[in-house]
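Q: Following this message is one structure expressed as structure tokens.
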Amino acid sequence: MERKNNITALLFLLVALFFVGCKSTKTVQRSEMPAGITLAEIEAMPAVKGALPGYSAKMKLTLASPGKTFSSQGTLRLKDGEGVQMGITPLGLFEVARVEFSPLYVLIMNRLKKEYSLVHYRNVALLEQLGLNYTLLESVLQNRVNLPAGVPVEKALAAMDITLVGDTLCLTNKAGGITYDYYIAKSSGLLVKSVGKHGNGTAVTCLYEGFRHIGGQQIPHSITLALGGTANAVELSIVLNKVKEELEYKTTTPSSSYKKVPLTDIFEALNGK
């Protein structure tokens with residue numbers, strides 16, 4: 001039962017962490033640009049311009065909360081604008097659960113009981129209130145700054161407060177009571193850290209490490225997301241291996257042998273209830 005409890009906690013965190021702090025960017029008054037850097041240079045950086053359009057990888061997921069740590073193997077597949085699939089394989093032998101994010105909904109499957117739940121973002125009041133959307137997930141896994149759709153990149157950057165400390169550029173924007181900070185290494189142009197801070201004190205931090213060249217781009221080997229303060233943070237670490245560029249992506253369609261159930265039923269089943 002402990003393993004099932006851990007799988008349930010992992011699925012909860014996957015759903016929760018990827019949908020914090022991605023409200024559409026609004027214009028704010030920007031301060032003066034740092035000396036020696038231009039908007040054109042920032043626009044050309046990989047953190048803004050470059051992103052691997054699609055890739056697949058083996059992954060190790062580690063969930064750490066105060067006093068508890070749980071790890072599981074899995075698979076990851078991503079295609080820009082189409083979706084993200086994350087398969088959970090606790091023993092590395094077979095997939096027991098799948099979380100699939102599309103631009104319109106999230107699909108969660110319990111393969112052990114052949115059950116699934118499909119939730120449209122528009123039907124989740126909290127997501128609607130905070131203006132949360134699918135693009136944050138892509139930006140997190142593609143190691144890039146999350147910019148508003150339909151807005152020219154130069155205009156979006158011009159709306160941000162940009163500072164330079166040593167070799168690190170910090171792009172800051174505020175919207176809906178949330179402050180977004182994106183930290184870019186000036187020498188490489190890669191996003192190394194991003195932080196979303198809500199006015200109520202909630203914060204999500206994302207750290208990127210161990211960059212590797214894949215398909216003409218650099219992909220981080222390790223992505224760590226932390227929810228909360230340093231004393232009581234819950235962390236999800238994603239370590240990627242065997243990463244390769246993938247241009248093909250197939251959305252999951254549960255077969256007729258699967259039963260559609262409420263999302264709570266999926267978590268309860270994986271929790272042994």
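Naming works like this for the structure tokens: A, B, ... for the chains as they're shown, residue 1 at the start of each chain, ligands 1 onward in shown order.
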Assign secondary structure with DSSP using the backbone only, and return the residues of segment 41-220 of chain A in alpha helix (DSSP H) as a compact mmCIF listing (two decimals) with N, CA and C atoms, in the first residue's frame.

A:
# COMPACT_ATOMS: atom_id res chain seq x y z
N GLU A 41 19.46 41.07 -28.43
CA GLU A 41 20.35 40.02 -27.94
C GLU A 41 19.58 39.03 -27.05
N ILE A 42 18.71 39.55 -26.21
CA ILE A 42 17.92 38.68 -25.35
C ILE A 42 16.96 37.83 -26.18
N GLU A 43 16.35 38.45 -27.19
CA GLU A 43 15.41 37.74 -28.05
C GLU A 43 16.08 36.57 -28.76
N ALA A 125 -12.48 25.41 -11.64
CA ALA A 125 -12.66 26.81 -11.23
C ALA A 125 -11.34 27.48 -10.86
N LEU A 126 -10.48 26.76 -10.11
CA LEU A 126 -9.22 27.35 -9.66
C LEU A 126 -8.34 27.74 -10.84
N LEU A 127 -8.25 26.87 -11.83
CA LEU A 127 -7.44 27.17 -13.01
C LEU A 127 -8.00 28.37 -13.75
N GLU A 128 -9.33 28.42 -13.86
CA GLU A 128 -9.98 29.53 -14.55
C GLU A 128 -9.73 30.85 -13.82
N GLN A 129 -9.82 30.83 -12.51
CA GLN A 129 -9.64 32.05 -11.70
C GLN A 129 -8.22 32.59 -11.81
N LEU A 130 -7.24 31.68 -11.84
CA LEU A 130 -5.84 32.09 -11.89
C LEU A 130 -5.34 32.30 -13.32
N THR A 135 0.48 26.24 -21.60
CA THR A 135 1.78 26.70 -22.09
C THR A 135 2.87 26.68 -21.03
N LEU A 136 2.50 26.79 -19.75
CA LEU A 136 3.53 26.74 -18.71
C LEU A 136 4.25 25.40 -18.72
N LEU A 137 3.50 24.32 -18.86
CA LEU A 137 4.10 22.99 -18.85
C LEU A 137 5.14 22.86 -19.96
N GLU A 138 4.79 23.32 -21.15
CA GLU A 138 5.75 23.26 -22.25
C GLU A 138 6.98 24.10 -21.96
N SER A 139 6.78 25.30 -21.44
CA SER A 139 7.92 26.18 -21.17
C SER A 139 8.84 25.59 -20.11
N VAL A 140 8.26 24.91 -19.11
CA VAL A 140 9.06 24.27 -18.06
C VAL A 140 9.93 23.17 -18.65
N LEU A 141 9.34 22.31 -19.47
CA LEU A 141 10.06 21.16 -20.00
C LEU A 141 10.91 21.50 -21.22
N GLN A 142 10.68 22.65 -21.83
CA GLN A 142 11.51 23.08 -22.96
C GLN A 142 12.58 24.08 -22.54
N VAL A 153 7.55 38.85 -29.68
CA VAL A 153 8.53 38.59 -28.63
C VAL A 153 9.17 39.88 -28.14
N GLU A 154 9.56 40.75 -29.05
CA GLU A 154 10.23 42.00 -28.65
C GLU A 154 9.31 42.85 -27.77
N LYS A 155 8.02 42.89 -28.09
CA LYS A 155 7.06 43.66 -27.30
C LYS A 155 6.89 43.05 -25.91
N ALA A 156 6.85 41.70 -25.84
CA ALA A 156 6.71 41.02 -24.56
C ALA A 156 7.92 41.28 -23.68
N LEU A 157 9.12 41.23 -24.28
CA LEU A 157 10.34 41.49 -23.51
C LEU A 157 10.41 42.94 -23.06
N ALA A 158 9.95 43.85 -23.91
CA ALA A 158 9.98 45.27 -23.57
C ALA A 158 9.10 45.59 -22.38

Q: Please produce, as a Markdown table, a per-residue contact table for segment 87-193 of chain A versus segment 75-79 of chain A (criterion: any atom at most 8 Å away, only C-alpha atoms considered), showing the nearest atom pair and its distance in Å to one decimal, sorted by chain then residue number.

A:
| residue | atom | partner | partner_atom | distance |
| --- | --- | --- | --- | --- |
| A:Gly87 | CA | A:Thr75 | CA | 5.0 |
| A:Ile88 | CA | A:Thr75 | CA | 6.9 |
| A:Thr89 | CA | A:Thr75 | CA | 7.8 |
| A:Glu138 | CA | A:Leu78 | CA | 8.0 |

Q: Taking the DSSP secondary structure from the backbone, can you list the residues of segment 80-209 of chain A that are strand (DSSP E), as a ChimeraX atom specification?

A: /A:83-89,97-101,105-110,115-120,161-165,168-175,178-185,190-198,203-209

Q: Counting only C-alpha atoms, what is within 8 Å of Ser72 of chain A, bar same-chain residues fewer than 5 positions away, as an mmCIF file with all heavy atoms, in the first residue's frame?

A:
data_model
loop_
_atom_site.group_PDB
_atom_site.id
_atom_site.type_symbol
_atom_site.label_atom_id
_atom_site.label_comp_id
_atom_site.auth_asym_id
_atom_site.auth_seq_id
_atom_site.Cartn_x
_atom_site.Cartn_y
_atom_site.Cartn_z
ATOM 1 N N LYS A 60 13.630 9.756 -14.384
ATOM 2 C CA LYS A 60 13.521 9.319 -13.000
ATOM 3 C C LYS A 60 12.844 10.444 -12.236
ATOM 4 O O LYS A 60 13.320 11.584 -12.240
ATOM 5 C CB LYS A 60 14.884 9.020 -12.388
ATOM 6 C CG LYS A 60 14.796 8.567 -10.927
ATOM 7 C CD LYS A 60 16.155 8.263 -10.333
ATOM 8 C CE LYS A 60 16.037 7.832 -8.879
ATOM 9 N NZ LYS A 60 17.369 7.554 -8.263
ATOM 10 N N LEU A 61 11.738 10.130 -11.592
ATOM 11 C CA LEU A 61 10.998 11.108 -10.812
ATOM 12 C C LEU A 61 11.269 10.882 -9.334
ATOM 13 O O LEU A 61 11.181 9.751 -8.853
ATOM 14 C CB LEU A 61 9.501 10.971 -11.070
ATOM 15 C CG LEU A 61 9.020 11.196 -12.502
ATOM 16 C CD1 LEU A 61 7.592 10.703 -12.652
ATOM 17 C CD2 LEU A 61 9.118 12.656 -12.873
ATOM 18 N N THR A 62 11.617 11.942 -8.625
ATOM 19 C CA THR A 62 11.828 11.838 -7.176
ATOM 20 C C THR A 62 10.966 12.878 -6.480
ATOM 21 O O THR A 62 11.082 14.072 -6.749
ATOM 22 C CB THR A 62 13.297 12.054 -6.803
ATOM 23 O OG1 THR A 62 14.104 11.063 -7.443
ATOM 24 C CG2 THR A 62 13.485 11.935 -5.291
ATOM 25 N N ILE A 88 4.252 6.524 -15.738
ATOM 26 C CA ILE A 88 4.829 6.161 -14.447
ATOM 27 C C ILE A 88 5.068 4.649 -14.427
ATOM 28 O O ILE A 88 4.123 3.863 -14.553
ATOM 29 C CB ILE A 88 3.900 6.548 -13.280
ATOM 30 C CG1 ILE A 88 3.427 8.004 -13.423
ATOM 31 C CG2 ILE A 88 4.605 6.327 -11.946
ATOM 32 C CD1 ILE A 88 4.557 9.011 -13.431
ATOM 33 N N THR A 89 6.331 4.242 -14.301
ATOM 34 C CA THR A 89 6.699 2.820 -14.265
ATOM 35 C C THR A 89 7.527 2.565 -13.013
ATOM 36 O O THR A 89 8.761 2.587 -13.053
ATOM 37 C CB THR A 89 7.500 2.427 -15.519
ATOM 38 O OG1 THR A 89 8.657 3.273 -15.614
ATOM 39 C CG2 THR A 89 6.675 2.632 -16.781
ATOM 40 N N PRO A 90 6.885 2.330 -11.864
ATOM 41 C CA PRO A 90 7.596 2.213 -10.580
ATOM 42 C C PRO A 90 8.747 1.222 -10.576
ATOM 43 O O PRO A 90 9.789 1.477 -9.995
ATOM 44 C CB PRO A 90 6.495 1.781 -9.615
ATOM 45 C CG PRO A 90 5.240 2.304 -10.229
ATOM 46 C CD PRO A 90 5.447 2.162 -11.709
ATOM 47 N N LEU A 91 8.595 0.076 -11.206
ATOM 48 C CA LEU A 91 9.644 -0.946 -11.215
ATOM 49 C C LEU A 91 10.399 -0.966 -12.540
ATOM 50 O O LEU A 91 11.272 -1.807 -12.744
ATOM 51 C CB LEU A 91 9.033 -2.326 -10.939
ATOM 52 C CG LEU A 91 8.311 -2.472 -9.600
ATOM 53 C CD1 LEU A 91 7.686 -3.857 -9.486
ATOM 54 C CD2 LEU A 91 9.262 -2.220 -8.445
ATOM 55 N N GLY A 92 10.059 -0.066 -13.425
ATOM 56 C CA GLY A 92 10.728 -0.007 -14.710
ATOM 57 C C GLY A 92 10.305 -1.098 -15.663
ATOM 58 O O GLY A 92 10.919 -1.284 -16.720
#

Q: Just the residues within 7 Å of Asp167 of chain A, please, counting only C-alpha atoms, with nothing from its chain fewer than 3 positions along; format it as a short mmCIF file (atom, residue, chain, number, x, y, z; two decimals) with all heavy atoms, in the first residue's frame.

A:
data_model
loop_
_atom_site.label_atom_id
_atom_site.label_comp_id
_atom_site.auth_asym_id
_atom_site.auth_seq_id
_atom_site.Cartn_x
_atom_site.Cartn_y
_atom_site.Cartn_z
N ALA A 185 21.48 32.69 -17.90
CA ALA A 185 22.94 32.85 -17.90
C ALA A 185 23.31 33.64 -19.16
O ALA A 185 23.07 33.18 -20.28
CB ALA A 185 23.62 31.49 -17.90
N LYS A 186 23.87 34.82 -18.98
CA LYS A 186 24.17 35.70 -20.12
C LYS A 186 25.17 35.06 -21.08
O LYS A 186 25.06 35.21 -22.30
CB LYS A 186 24.73 37.03 -19.61
CG LYS A 186 25.01 38.06 -20.70
CD LYS A 186 25.39 39.39 -20.08
CE LYS A 186 25.74 40.42 -21.16
NZ LYS A 186 27.00 40.08 -21.84
N SER A 187 26.15 34.30 -20.56
CA SER A 187 27.18 33.71 -21.41
C SER A 187 26.64 32.63 -22.34
O SER A 187 27.10 32.47 -23.48
CB SER A 187 28.30 33.11 -20.55
OG SER A 187 27.77 32.15 -19.65
#

Q: Give me, as an MDAnalysis selection string, all polymer residues having an atom no more than 9 Å from Ala47 of chain A, counting only C-alpha atoms and skipping those fewer than 5 positions away in the same chain.

A: chainID A and resid 42 142:145 184 189:192

Q: Okay, now the selection with C-alpha atoms, as a PDB file, in the first residue's frame?

A:
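Written file, result_21.pdb:
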ATOM      1  CA  ILE A  42      17.915  38.680 -25.347  1.00  0.00           C
ATOM      2  CA  GLN A 142      11.506  23.082 -22.958  1.00  0.00           C
ATOM      3  CA  ASN A 143      13.651  25.297 -20.730  1.00  0.00           C
ATOM      4  CA  ARG A 144      12.338  28.592 -22.021  1.00  0.00           C
ATOM      5  CA  VAL A 145      10.694  31.779 -20.787  1.00  0.00           C
ATOM      6  CA  ILE A 184      19.181  33.489 -17.773  1.00  0.00           C
ATOM      7  CA  GLY A 189      21.620  32.336 -23.021  1.00  0.00           C
ATOM      8  CA  LEU A 190      20.126  29.362 -21.163  1.00  0.00           C
ATOM      9  CA  LEU A 191      17.370  29.544 -18.558  1.00  0.00           C
ATOM     10  CA  VAL A 192      18.841  28.266 -15.285  1.00  0.00           C
TER      11      VAL A 192
END

Q: For atom CA of Ala64 of chain A and atom CA of Thr205 of chain A, determine how far apart the two atoms are, in Å to one decimal place.

A: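 Rounded to one decimal, the two atoms are 14.3 Å apart.
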
Q: Using only C-alpha atoms for the distances, tell me which of A:Pro220, A:Gly67, A:Pro254, A:Pro262 is nearest to Leu52 of chain A.

A: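 Closest to Leu52 of chain A, using only C-alpha atoms: A:Pro220.
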
Q: Pick out the residues sitting within 10 Å of Ala57 of chain A, and hand them over as a PyMOL selection string; count only C-alpha atoms, and ignore anything fewer than 4 positions along from it in its own chain.

A: chain A and resi 74-78+86+239-246
